[in-house]
>>> print(open('protein.csv').read())   # CSV, C-alpha atoms
chain,number,residue,atom,x,y,z
A,136,MET,CA,122.4,114.3,76.3
A,137,LEU,CA,120.6,115.4,73.2
A,138,VAL,CA,116.8,115.8,73.5
A,139,ALA,CA,114.5,116.3,70.6
A,140,LEU,CA,111.4,118.6,70.4
A,141,ILE,CA,109.0,118.0,67.6
A,142,SER,CA,105.5,119.4,67.0
A,143,ALA,CA,102.3,117.7,65.7
A,144,ARG,CA,99.8,120.5,66.2
A,145,GLU,CA,99.5,122.5,63.0
A,146,THR,CA,96.7,121.6,60.6
A,147,THR,CA,97.0,121.9,56.8
A,148,ARG,CA,95.4,124.7,54.8
A,149,GLN,CA,92.8,122.2,53.5
A,150,ASP,CA,90.5,121.3,56.5
A,151,ASP,CA,90.0,117.7,55.2
A,152,ALA,CA,93.8,117.0,54.9
A,153,GLY,CA,94.4,116.8,58.7
A,154,TYR,CA,97.7,117.6,60.4
A,155,ILE,CA,100.8,118.7,58.6
A,156,SER,CA,102.9,116.3,60.6
A,157,ASP,CA,100.9,113.3,59.4
A,158,LEU,CA,101.3,114.1,55.7
A,159,PRO,CA,103.1,111.3,53.7
A,160,ALA,CA,106.4,112.5,52.2
A,161,ALA,CA,108.2,109.9,50.1
A,162,GLY,CA,107.2,106.9,52.1
A,163,ALA,CA,107.1,108.3,55.6
A,164,SER,CA,105.1,110.9,57.4
A,165,ILE,CA,106.8,114.3,58.0
A,166,ILE,CA,107.0,113.8,61.7
A,167,ALA,CA,108.4,110.3,61.3
A,168,ARG,CA,111.2,111.8,59.1
A,169,GLN,CA,111.9,114.3,61.8
A,170,LEU,CA,112.1,111.5,64.4
A,171,ASP,CA,114.4,109.5,62.2
A,172,VAL,CA,116.8,112.5,61.9
A,173,ALA,CA,116.6,113.0,65.7
A,174,LEU,CA,117.4,109.3,66.4
A,175,SER,CA,120.3,109.4,63.8
A,176,LEU,CA,121.8,112.3,65.7
A,177,GLY,CA,121.7,110.3,69.0
A,178,CYS,CA,118.6,111.8,70.8
A,179,GLU,CA,117.7,109.6,73.8
A,180,ARG,CA,114.5,111.5,74.6
A,181,VAL,CA,111.8,112.8,72.3
A,182,VAL,CA,109.2,115.4,73.4
A,183,CYS,CA,106.2,115.7,71.0
A,184,LEU,CA,103.8,118.6,71.3
A,185,ALA,CA,100.3,117.6,70.4
A,186,ASP,CA,96.8,118.5,71.5
A,187,GLY,CA,95.9,114.8,72.0
A,188,THR,CA,96.8,111.3,71.0
A,189,ARG,CA,96.0,109.8,67.6
A,190,PRO,CA,97.1,106.6,65.7
A,191,SER,CA,100.0,108.3,63.9
A,192,LEU,CA,101.5,109.4,67.2
A,193,VAL,CA,101.1,106.0,68.8
A,194,SER,CA,103.0,104.6,65.8
A,195,LEU,CA,105.6,107.3,66.3
A,196,GLN,CA,106.0,106.4,69.9
A,197,ARG,CA,106.6,102.8,69.0
A,198,ARG,CA,109.1,103.8,66.4
A,199,ALA,CA,111.0,105.9,69.0
A,200,GLU,CA,110.9,103.3,71.7
A,201,SER,CA,112.0,100.5,69.4
A,202,ALA,CA,115.2,102.6,68.9
A,203,GLY,CA,115.7,102.8,72.6
A,204,ALA,CA,114.5,106.5,73.0
A,205,ARG,CA,112.0,107.7,75.6
A,206,PHE,CA,109.0,109.3,74.0
A,207,ILE,CA,107.0,112.0,75.8
A,208,LEU,CA,103.7,113.2,74.4
A,209,SER,CA,102.4,116.5,75.9
A,210,PRO,CA,99.9,119.2,75.0
A,211,HIS,CA,102.1,122.1,76.3
A,212,HIS,CA,105.7,123.0,76.9
A,213,LYS,CA,105.7,122.2,80.6
A,214,ALA,CA,106.8,118.6,79.7
A,215,LEU,CA,110.2,120.1,78.7
A,216,ALA,CA,110.9,121.0,82.3
A,217,GLY,CA,111.2,117.4,83.3
A,218,ALA,CA,112.8,116.1,80.1
A,219,VAL,CA,115.6,118.7,79.6
A,220,THR,CA,118.2,119.6,82.2
A,221,SER,CA,120.6,122.5,82.0
A,222,GLN,CA,123.4,120.1,80.9
A,223,ASP,CA,121.3,118.7,78.0
A,224,ARG,CA,121.0,120.1,74.5
A,225,LEU,CA,117.7,120.5,72.8
A,226,LEU,CA,117.1,119.7,69.1
A,227,VAL,CA,114.1,121.6,67.8
A,228,PHE,CA,112.1,121.0,64.6
A,229,ALA,CA,109.3,123.3,63.4
A,230,ASP,CA,106.1,121.7,62.2
A,231,GLY,CA,106.4,120.6,58.5
A,232,VAL,CA,110.2,120.9,58.1
A,233,ILE,CA,111.8,118.0,56.2
A,234,ALA,CA,115.6,117.7,56.3
A,235,VAL,CA,117.5,114.9,54.6
A,236,GLN,CA,119.4,112.9,57.3
A,237,ALA,CA,122.9,113.4,55.8
A,238,LEU,CA,122.3,117.1,55.5
A,239,ALA,CA,121.1,117.5,59.0
A,240,GLN,CA,124.0,115.5,60.4
A,241,VAL,CA,126.5,117.9,58.7
A,242,HIS,CA,124.8,121.1,60.0
A,243,PHE,CA,124.2,119.8,63.5
A,244,GLY,CA,127.7,118.4,64.1
A,245,LYS,CA,129.2,121.7,65.5
A,246,GLY,CA,127.4,122.4,68.8
A,247,ASP,CA,124.5,124.8,69.5
A,248,VAL,CA,123.3,126.5,66.3
A,249,ILE,CA,120.2,128.2,64.8
A,250,LEU,CA,120.0,127.3,61.1
A,251,SER,CA,119.1,130.1,58.7
A,252,LEU,CA,118.2,130.4,55.0
A,253,PRO,CA,118.3,133.5,52.7
A,254,ALA,CA,115.2,135.5,53.4
A,255,ASP,CA,114.4,136.3,49.8
A,256,LYS,CA,114.2,132.6,48.9
A,257,ALA,CA,112.8,131.2,52.1
A,258,VAL,CA,110.1,133.7,53.3
A,259,PRO,CA,107.9,133.3,50.2
A,260,LEU,CA,108.0,129.5,50.9
A,261,GLY,CA,106.6,130.0,54.4
A,262,TYR,CA,109.7,130.1,56.6
A,263,GLU,CA,109.8,132.5,59.5
A,264,ARG,CA,111.7,135.7,59.0
A,265,MET,CA,114.4,136.5,61.6
A,266,ASP,CA,115.7,139.7,60.1
A,267,ARG,CA,116.0,141.5,56.8
A,268,GLU,CA,118.5,139.0,55.3
A,269,ARG,CA,117.7,135.8,57.1
A,270,ALA,CA,114.9,133.4,57.7
A,271,TRP,CA,114.8,130.6,60.2
A,272,ALA,CA,115.3,127.2,58.5
A,273,GLY,CA,112.9,125.5,61.0
A,274,ALA,CA,115.6,123.6,63.0
A,275,MET,CA,118.1,124.5,65.8
A,276,ILE,CA,120.0,123.1,68.7
A,277,LEU,CA,119.9,125.0,72.0
A,278,ARG,CA,121.5,124.8,75.4
A,279,GLY,CA,119.2,123.1,78.0
A,280,SER,CA,119.4,126.2,80.2
A,281,ILE,CA,117.4,128.2,77.7
A,282,VAL,CA,114.4,125.9,78.3
A,283,ASP,CA,114.2,127.1,81.9
A,284,LYS,CA,113.3,130.6,80.6
A,285,LEU,CA,110.1,129.2,79.1
A,286,ASN,CA,108.7,128.9,82.6
A,287,ASP,CA,108.6,132.7,82.8
A,288,LEU,CA,106.3,132.9,79.8
A,289,PRO,CA,102.5,132.4,79.7
A,290,PRO,CA,101.3,128.8,79.3
A,291,ASP,CA,99.5,129.5,76.0
A,292,ILE,CA,102.7,130.6,74.1
A,293,ASP,CA,103.9,129.1,70.8
A,294,CYS,CA,106.6,127.0,72.3
A,295,ILE,CA,108.8,126.6,69.3
A,296,SER,CA,108.7,130.3,68.2
A,297,SER,CA,109.4,131.3,71.8
A,298,LEU,CA,112.4,129.0,71.9
A,299,LEU,CA,113.7,130.6,68.7
A,300,ARG,CA,113.4,134.1,70.2
A,301,LEU,CA,115.1,133.0,73.4
A,302,GLY,CA,117.9,131.4,71.4
A,303,LEU,CA,118.5,134.5,69.5
A,304,GLN,CA,118.4,136.6,72.7
A,305,SER,CA,120.9,134.2,74.3
A,306,GLY,CA,123.4,134.6,71.5
A,307,VAL,CA,123.2,131.1,70.0
A,308,PRO,CA,125.3,131.1,66.8
A,309,ILE,CA,123.4,131.4,63.6
A,310,ALA,CA,124.7,129.3,60.7
A,311,ALA,CA,123.5,129.7,57.1
A,312,ILE,CA,122.6,126.8,54.9
A,313,ASP,CA,122.7,126.9,51.2
A,314,GLY,CA,119.5,128.3,49.6
A,315,GLU,CA,120.0,125.7,46.8
A,316,TYR,CA,118.7,123.1,49.2
A,317,LEU,CA,115.3,124.6,48.8
A,318,VAL,CA,115.5,124.1,45.0
A,319,SER,CA,116.7,120.5,45.3
A,320,GLY,CA,114.1,119.6,48.0
A,321,ASP,CA,116.8,118.4,50.4
A,322,TRP,CA,115.4,121.0,52.9
A,323,SER,CA,111.7,121.6,52.6
A,324,LEU,CA,108.8,123.2,54.5
A,325,VAL,CA,105.4,121.6,53.9
A,326,SER,CA,102.1,123.2,54.9
A,327,GLU,CA,99.6,121.4,52.6
A,328,ALA,CA,99.1,118.0,50.9
A,329,SER,CA,100.1,119.2,47.4
A,330,GLN,CA,103.5,120.3,48.8
A,331,ALA,CA,104.0,116.9,50.4
A,332,GLU,CA,103.2,115.3,47.1
A,333,GLU,CA,105.6,117.5,45.2
A,334,PHE,CA,108.3,116.7,47.8
A,335,SER,CA,107.6,113.0,47.3
A,336,ARG,CA,107.9,113.2,43.5
A,337,ARG,CA,111.2,115.1,43.6
A,338,ARG,CA,112.7,112.9,46.3
A,339,ILE,CA,111.8,109.7,44.5
A,340,LYS,CA,113.0,111.0,41.2
A,341,GLY,CA,116.3,112.1,42.7
A,342,ALA,CA,116.8,108.9,44.6
A,343,ILE,CA,115.8,106.4,42.0
A,344,ALA,CA,117.6,107.2,38.8
A,345,ARG,CA,116.3,105.2,35.8
A,346,ASP,CA,118.9,102.9,34.3
A,347,SER,CA,119.9,103.1,30.6
A,348,TRP,CA,117.5,101.4,28.1
A,349,LEU,CA,120.6,99.4,27.1
A,350,ARG,CA,119.6,97.5,30.2
A,351,PRO,CA,115.9,97.4,29.6
A,352,VAL,CA,114.7,95.2,32.4
A,353,ASN,CA,116.6,97.3,34.9
A,354,ALA,CA,115.1,100.4,33.4
A,355,LEU,CA,111.6,99.0,33.7
A,356,ALA,CA,112.3,97.9,37.3
A,357,ASP,CA,113.3,101.5,38.2
A,358,ILE,CA,110.2,103.0,36.6
A,359,ALA,CA,107.9,100.5,38.4
A,360,THR,CA,109.7,100.9,41.7
A,361,SER,CA,109.3,104.7,41.4
A,362,GLN,CA,105.6,104.4,41.0
A,363,ILE,CA,105.3,101.9,43.9
A,364,ALA,CA,107.4,104.2,46.1
A,365,LEU,CA,105.1,107.1,45.2
A,366,ARG,CA,102.0,105.3,46.3
A,367,SER,CA,103.5,103.4,49.4
A,368,ASN,CA,103.6,104.8,52.9
A,369,ALA,CA,106.2,102.2,53.9
A,370,PRO,CA,108.8,101.7,51.2
A,371,GLY,CA,111.1,100.1,53.7
A,372,LYS,CA,108.6,97.3,54.3
A,373,VAL,CA,108.1,97.0,50.5
A,374,ARG,CA,111.9,96.7,50.1
A,375,ILE,CA,112.0,93.9,52.7
A,376,GLY,CA,109.1,92.0,51.0
A,377,THR,CA,110.7,92.5,47.6
A,378,GLY,CA,114.1,91.2,48.9
A,379,PHE,CA,112.3,88.2,50.3
A,380,GLY,CA,110.7,87.6,46.9
A,381,ALA,CA,114.1,87.9,45.2
A,382,GLY,CA,115.6,85.3,47.6
A,383,LEU,CA,112.8,82.9,46.9
A,384,ALA,CA,113.2,83.4,43.1
A,385,ILE,CA,117.0,82.7,43.3
A,386,ALA,CA,116.4,79.7,45.6
A,387,GLY,CA,113.7,78.4,43.2
A,388,SER,CA,116.2,78.7,40.3
A,389,PHE,CA,118.6,76.4,42.1
A,390,VAL,CA,115.8,73.9,42.8
A,391,ALA,CA,114.4,74.0,39.3
A,392,SER,CA,117.8,73.5,37.7
A,393,GLY,CA,118.6,70.8,40.1
A,394,PHE,CA,115.6,68.8,39.0
A,395,GLY,CA,116.5,69.3,35.4
A,396,HIS,CA,114.2,72.2,34.5
A,397,ALA,CA,116.9,74.6,33.3
A,398,ILE,CA,114.4,76.8,31.3
A,399,ALA,CA,112.4,77.4,34.5
A,400,GLY,CA,115.6,78.0,36.4
A,401,LEU,CA,116.7,80.7,34.0
A,402,GLY,CA,113.2,82.3,34.0
A,403,LEU,CA,113.5,82.5,37.8
A,404,VAL,CA,116.9,84.1,37.4
A,405,ALA,CA,115.3,86.8,35.3
A,406,LEU,CA,112.6,87.3,38.0
A,407,GLY,CA,115.2,87.4,40.7
A,408,SER,CA,117.3,89.9,38.8
A,409,TYR,CA,114.2,92.2,38.4
A,410,LEU,CA,113.4,92.0,42.1
A,411,LEU,CA,117.0,92.6,43.2
A,412,ARG,CA,117.0,95.7,41.0
A,413,SER,CA,113.9,96.9,42.7
A,414,VAL,CA,115.4,96.2,46.1
A,415,ASN,CA,118.5,98.3,45.2
A,416,SER,CA,116.4,101.1,43.9
A,417,LEU,CA,114.3,101.3,47.0
A,418,GLY,CA,117.5,101.2,49.0
A,419,GLN,CA,118.4,104.6,47.4
A,420,LEU,CA,115.2,106.1,48.7
A,421,VAL,CA,114.9,104.6,52.2
A,422,GLU,CA,117.2,106.5,54.6
A,423,THR,CA,118.8,104.2,57.1
A,424,ARG,CA,117.4,105.3,60.5
A,425,TYR,CA,120.1,104.4,63.1
A,426,PHE,CA,123.2,102.9,61.4
A,427,PRO,CA,124.8,102.8,58.0
A,428,ASP,CA,123.4,100.1,55.7
A,429,ARG,CA,126.7,98.2,55.4
A,430,ALA,CA,125.0,94.8,55.9
A,431,GLY,CA,122.6,95.6,53.0
A,432,LYS,CA,125.5,96.2,50.6
A,433,TRP,CA,127.1,92.8,51.5
A,434,VAL,CA,123.7,91.1,51.1
A,435,SER,CA,123.3,92.8,47.7
A,436,ARG,CA,126.7,91.6,46.5
A,437,LEU,CA,126.1,88.1,47.8
A,438,SER,CA,122.7,88.0,46.1
A,439,HIS,CA,124.2,89.0,42.7
A,440,LEU,CA,126.9,86.3,43.0
A,441,LEU,CA,124.2,83.7,43.8
A,442,LEU,CA,122.3,84.9,40.8
A,443,ASP,CA,125.3,84.3,38.5
A,444,LEU,CA,125.9,80.9,40.2
A,445,ALA,CA,122.2,80.0,39.4
A,446,ILE,CA,122.9,81.0,35.7
A,447,LEU,CA,126.0,78.8,35.7
A,448,ILE,CA,124.2,75.7,37.1
A,449,ALA,CA,121.2,76.2,34.8
A,450,VAL,CA,123.4,76.3,31.7
A,451,ILE,CA,125.2,73.1,32.7
A,452,ARG,CA,121.9,71.4,33.5
A,453,ALA,CA,120.5,72.4,30.1
A,454,LEU,CA,123.2,70.4,28.3
A,455,PRO,CA,123.7,66.7,27.7
A,456,GLY,CA,126.1,65.1,30.2
A,457,TYR,CA,128.8,64.6,27.6
A,458,VAL,CA,129.3,68.3,26.9
A,459,TRP,CA,128.8,69.7,30.4
A,460,ILE,CA,132.5,70.6,30.7
A,461,ASP,CA,132.1,72.7,27.5
A,462,GLY,CA,129.1,74.5,29.0
A,463,LEU,CA,130.9,75.0,32.3
A,464,PHE,CA,133.9,76.6,30.5
A,465,ALA,CA,131.7,78.9,28.3
A,466,ALA,CA,129.4,80.0,31.1
A,467,THR,CA,132.4,80.7,33.4
A,468,MET,CA,134.1,82.7,30.7
A,469,LEU,CA,131.0,84.7,30.1
A,470,LEU,CA,130.2,85.5,33.7
A,471,GLY,CA,133.8,86.0,34.6
A,472,LEU,CA,134.2,88.6,31.8
A,473,LEU,CA,131.0,90.4,32.9
A,474,HIS,CA,132.5,90.7,36.4
A,475,LEU,CA,136.1,91.4,35.6
A,476,LEU,CA,135.7,94.0,32.9
A,477,PRO,CA,133.9,96.6,35.1
A,478,LEU,CA,136.5,96.0,37.8
A,479,ALA,CA,139.1,97.3,35.4
A,480,ARG,CA,137.1,100.3,34.4
A,481,ASP,CA,133.4,101.4,34.5
A,482,GLU,CA,133.4,102.0,30.7
A,483,LEU,CA,134.0,98.3,30.1
A,484,THR,CA,130.7,97.3,31.5
A,485,VAL,CA,129.0,95.2,28.8
A,486,PRO,CA,125.6,96.8,28.0
A,487,LEU,CA,122.6,94.5,27.7
A,488,LEU,CA,124.4,91.5,29.2
A,489,SER,CA,125.0,93.3,32.4
A,490,ASP,CA,121.2,93.2,32.8
A,491,ARG,CA,121.0,89.6,34.2
A,492,ALA,CA,117.3,89.4,33.5
A,493,ILE,CA,118.0,89.9,29.8
A,494,LEU,CA,120.8,87.4,30.0
A,495,GLY,CA,118.5,84.9,31.8
A,496,ILE,CA,115.7,85.3,29.2
A,497,GLY,CA,118.2,85.0,26.3
A,498,LEU,CA,119.7,81.8,27.7
A,499,ALA,CA,116.3,80.4,28.4
A,500,ILE,CA,115.3,80.9,24.8
A,501,GLY,CA,118.6,79.2,23.8
A,502,ALA,CA,117.9,76.3,26.1
A,503,GLY,CA,114.4,75.9,24.6
A,504,ALA,CA,115.8,76.0,21.1
A,505,MET,CA,118.6,73.5,22.0
A,506,VAL,CA,121.3,75.9,21.1
A,507,ILE,CA,122.4,77.1,24.6
A,508,LEU,CA,126.0,75.9,24.3
A,509,PRO,CA,126.8,77.8,21.1
A,510,LEU,CA,124.8,80.8,22.3
A,511,THR,CA,126.8,80.9,25.6
A,512,GLN,CA,130.0,80.6,23.6
A,513,MET,CA,129.0,83.4,21.3
A,514,LEU,CA,128.0,85.7,24.2
A,515,ALA,CA,131.3,85.1,25.9
A,516,LEU,CA,133.1,85.9,22.6
A,517,ALA,CA,131.0,89.0,22.2
A,518,ALA,CA,131.8,90.2,25.8
A,519,MET,CA,135.5,89.7,25.1
A,520,ALA,CA,135.4,91.5,21.8
A,521,TYR,CA,133.5,94.4,23.4
A,522,GLY,CA,136.0,94.7,26.1
A,523,LEU,CA,139.0,94.7,23.7
A,524,VAL,CA,137.3,97.3,21.5
A,525,GLN,CA,136.6,99.5,24.4
A,526,ILE,CA,140.1,99.2,25.8
A,527,LEU,CA,141.5,100.1,22.3
A,528,ARG,CA,139.2,103.1,22.1
A,529,LEU,CA,140.1,104.4,25.5
A,530,ARG,CA,143.9,104.1,24.7
A,531,LEU,CA,143.4,106.0,21.4
A,532,THR,CA,141.5,108.8,23.2
A,533,GLN,CA,144.2,109.1,25.8
A,534,VAL,CA,146.8,109.5,23.1
>>> encode(input="protein.csv", output="structure tokens")
Amino acid sequence: MLVALISARETTRQDDAGYISDLPAAGASIIARQLDVALSLGCERVVCLADGTRPSLVSLQRRAESAGARFILSPHHKALAGAVTSQDRLLVFADGVIAVQALAQVHFGKGDVILSLPADKAVPLGYERMDRERAWAGAMILRGSIVDKLNDLPPDIDCISSLLRLGLQSGVPIAAIDGEYLVSGDWSLVSEASQAEEFSRRRIKGAIARDSWLRPVNALADIATSQIALRSNAPGKVRIGTGFGAGLAIAGSFVASGFGHAIAGLGLVALGSYLLRSVNSLGQLVETRYFPDRAGKWVSRLSHLLLDLAILIAVIRALPGYVWIDGLFAATMLLGLLHLLPLARDELTVPLLSDRAILGIGLAIGAGAMVILPLTQMLALAAMAYGLVQILRLRLTQV
């Protein structure tokens, strides 16, 4: 069994900023990020070293127990004696260490290991030096039998530093991780609030890449989402709420078009598209805690198909009954081309029109001006012409 040991004792350099472990880092506290990594690696017990309980640790306990893990809060290392057997393995995180889940899973997939970083890069950032060339990366997996040796040490020891020394003395393999992770922020050590804020900015900027201004509403959604994520302590909850809002907007579009209010239906399409883009952007930031987000991808695809179906119905409902077949054909051609062209090649994605919010707004204006049928026909023709020109250009460049 894999058991996790995390620490929530160290305070920040600024007295008013509280504990390092409680600092927010891109939507979750540092210790919550450590817990998520531990749970993703399959830890069934979590031992948290803290001098006393506090609201953040109560929340952490609920987070662990909701995932089926046993949570043990203790002021000293004696709790390890009852939580870790000689057959177990112990995952250890130092206070303030942040590791991206995918990166941790790669480096912790090969048995017992002490992770190291180049000393010249890591020591100035606050990492503990192990020797002349290497610094401890702040994370390791040890055999459970090593924990028994803690009982021979004084009760007031630094538990995690002592485990590091015992691991080195016991010959646990040392594995180096790339020092570039320190530059990218995928592996970080935080000791004060300003460092946590810098991590948040870099993580959000790297996770939420702004779309091209050729899709302006998507680009605006990405910028707004980045700002929301930077200020939110729970982007996962924001994502759920935004997804619920997107669902209501799409459902409202069907209802409005069904009652003959096609302009309102297309306006709700634009709102739904904006919110769906925000949901997808937040999904790039929020790390899945316990399982791959396969269901989320299918929900996203289905939502976008429903969005296009809402456009199709709104276009038909905006037309007089005697030309609805013409509208159905034109809208089907337009949406079909917007779906099929990117399937053939990414370069064939039609800019501007692939932003469904812009498409919804444009068609709403056309419906208000009573020219939605010729507008839809011209847009379908423009999409076809764009695809043909791009295909011809690609063939010429290949020759």
>>> closest_residue(input="protein.csv", among="A:Ala311, A:Val172, A:Ala254, A:Leu277", to="Gln236 of chain A", atoms="only C-alpha atoms")
A:Val172
>>> residues_around(input="protein.csv", residues="Thr467 of chain A", least_positions_apart="6", cutoff="10 Å", atoms="all atoms listed in the file", output="mmCIF file with C-alpha atoms, in the coordinates of the input")
data_model
loop_
_atom_site.group_PDB
_atom_site.id
_atom_site.type_symbol
_atom_site.label_atom_id
_atom_site.label_comp_id
_atom_site.auth_asym_id
_atom_site.auth_seq_id
_atom_site.Cartn_x
_atom_site.Cartn_y
_atom_site.Cartn_z
ATOM 1 C CA ASP A 443 125.300 84.300 38.500
ATOM 2 C CA LEU A 444 125.900 80.900 40.200
ATOM 3 C CA ILE A 446 122.900 81.000 35.700
ATOM 4 C CA LEU A 447 126.000 78.800 35.700
ATOM 5 C CA ASP A 461 132.100 72.700 27.500
ATOM 6 C CA LEU A 473 131.000 90.400 32.900
ATOM 7 C CA THR A 511 126.800 80.900 25.600
ATOM 8 C CA ALA A 515 131.300 85.100 25.900
#
>>> residues_around(input="protein.csv", residues="Leu192 of chain A", least_positions_apart="6", cutoff="10 Å", atoms="all atoms listed in the file", output="PDB file with C-alpha atoms, keeping the file's coordinate frame")
ATOM      1  CA  ALA A 143     102.300 117.700  65.700  1.00  0.00           C
ATOM      2  CA  SER A 156     102.900 116.300  60.600  1.00  0.00           C
ATOM      3  CA  ASP A 157     100.900 113.300  59.400  1.00  0.00           C
ATOM      4  CA  ILE A 166     107.000 113.800  61.700  1.00  0.00           C
ATOM      5  CA  ALA A 167     108.400 110.300  61.300  1.00  0.00           C
ATOM      6  CA  CYS A 183     106.200 115.700  71.000  1.00  0.00           C
ATOM      7  CA  ALA A 185     100.300 117.600  70.400  1.00  0.00           C
ATOM      8  CA  ARG A 198     109.100 103.800  66.400  1.00  0.00           C
ATOM      9  CA  LEU A 208     103.700 113.200  74.400  1.00  0.00           C
TER      10      LEU A 208
END
>>> closest_residue(input="protein.csv", among="A:Arg224, A:Ala356, A:Leu411, A:Arg528", to="Arg436 of chain A", atoms="all atoms listed in the file")
A:Leu411
>>> atom_distance(input="protein.csv", atom1="atom CA of Leu170 of chain A", atom2="atom CA of Asn286 of chain A")
25.4 Å
>>> closest_residue(input="protein.csv", among="A:Leu475, A:Ile375, A:Leu401, A:Leu483", to="Leu523 of chain A", atoms="all atoms listed in the file")
A:Leu483
>>> closest_residue(input="protein.csv", among="A:Leu488, A:Ile493, A:Leu365, A:Asp283", to="Leu406 of chain A", atoms="all atoms listed in the file")
A:Ile493
>>> closest_residue(input="protein.csv", among="A:Leu349, A:Ala445, A:Leu301, A:Met136", to="Asp490 of chain A", atoms="all atoms listed in the file")
A:Leu349
>>> residues_around(input="protein.csv", residues="Glu327 of chain A", least_positions_apart="2", cutoff="12 Å", atoms="all atoms listed in the file", output="tab-separated table (two decimals) with C-alpha atoms, keeping the file's coordinate frame")
chain	number	residue	atom	x	y	z
A	145	GLU	CA	99.50	122.50	63.00
A	146	THR	CA	96.70	121.60	60.60
A	147	THR	CA	97.00	121.90	56.80
A	148	ARG	CA	95.40	124.70	54.80
A	149	GLN	CA	92.80	122.20	53.50
A	150	ASP	CA	90.50	121.30	56.50
A	151	ASP	CA	90.00	117.70	55.20
A	152	ALA	CA	93.80	117.00	54.90
A	153	GLY	CA	94.40	116.80	58.70
A	154	TYR	CA	97.70	117.60	60.40
A	155	ILE	CA	100.80	118.70	58.60
A	156	SER	CA	102.90	116.30	60.60
A	157	ASP	CA	100.90	113.30	59.40
A	158	LEU	CA	101.30	114.10	55.70
A	159	PRO	CA	103.10	111.30	53.70
A	160	ALA	CA	106.40	112.50	52.20
A	165	ILE	CA	106.80	114.30	58.00
A	230	ASP	CA	106.10	121.70	62.20
A	231	GLY	CA	106.40	120.60	58.50
A	232	VAL	CA	110.20	120.90	58.10
A	260	LEU	CA	108.00	129.50	50.90
A	261	GLY	CA	106.60	130.00	54.40
A	324	LEU	CA	108.80	123.20	54.50
A	325	VAL	CA	105.40	121.60	53.90
A	329	SER	CA	100.10	119.20	47.40
A	330	GLN	CA	103.50	120.30	48.80
A	331	ALA	CA	104.00	116.90	50.40
A	332	GLU	CA	103.20	115.30	47.10
A	333	GLU	CA	105.60	117.50	45.20
A	334	PHE	CA	108.30	116.70	47.80
>>> residues_around(input="protein.csv", residues="Val414 of chain A", least_positions_apart="3", cutoff="12 Å", atoms="all atoms listed in the file", output="number ranges by chain")
A: 343, 353, 356-357, 359-361, 363-364, 370-382, 407-411, 417-421, 431-432, 434-435, 438-439
>>> atom_distance(input="protein.csv", atom1="atom CA of Leu514 of chain A", atom2="atom CA of Ala479 of chain A")
19.6 Å
